[in-house]
Amino acid sequence: MAFSYDEDNSNIENPDYLSAIRAALQDTTPTAPELSDGEIAAQYGSTDANDTQRVRNLSASLKCARLLARRYARQATFASPELSVQYGARAQAFEAVVADIADELQVARAEDGADTAGAGGILYAGRQTAFVDATGAALGAAGGGTLGGYLTH
């Protein structure tokens, strides 16, 4: 299994996508890699070339994390007096990585100006419509507003 990782290139925005993605997944141990370079390259190749490097690396990282969660979810957890293999726990750990990377990807896309409609956020937040300024003058409407709204994800 081919393994490439250079910690100097581990920044998520680095063009060395193999190192950036391995760092995001914490798949940095050459003697026990979770994914081969080919698997990572295949997921990176399916990203949109028009996206920024950061978004492409996060998109591929998300795909790889999902692959790993599925890989471990389908394997049996077992124990014997000499050995305990907890694949279920590994699957859950990678599900947490999926959620973390998905959040990072959503922020990266928003920062790049992507349309994030329907991706979550505050739909409505009211505010007080009348207030008193520093001089004591009442400003704004006579009625008050509300501070509330709906959060969606």
# chains A, B, ... in the order shown; residues from 1 in each chain; ligands from 1
>>> residues_around(residues="range 24-33 of chain A", least_positions_apart="6", cutoff="9 Å", atoms="only C-alpha atoms", output="NGL selection string")
:A and (1-7 or 10-12 or 57-58 or 61-62 or 64-65 or 94 or 97 or 101)
>>> atom_distance(atom1="CA of Tyr44 in chain A", atom2="CA of Tyr72 in chain A")
21.1 Å
>>> atom_distance(atom1="CA of Arg74 in chain A", atom2="CA of Leu35 in chain A")
16.3 Å
>>> closest_residue(among="A:Ala108, A:Ala23, A:Ala99, A:Leu18", to="Gly45 in chain A", atoms="only C-alpha atoms")
A:Leu18
>>> select_by_dssp(residues="range 18-95 of chain A", states="strand (DSSP E)", output="PyMOL selection string")
chain A and resi 78-79+84-85
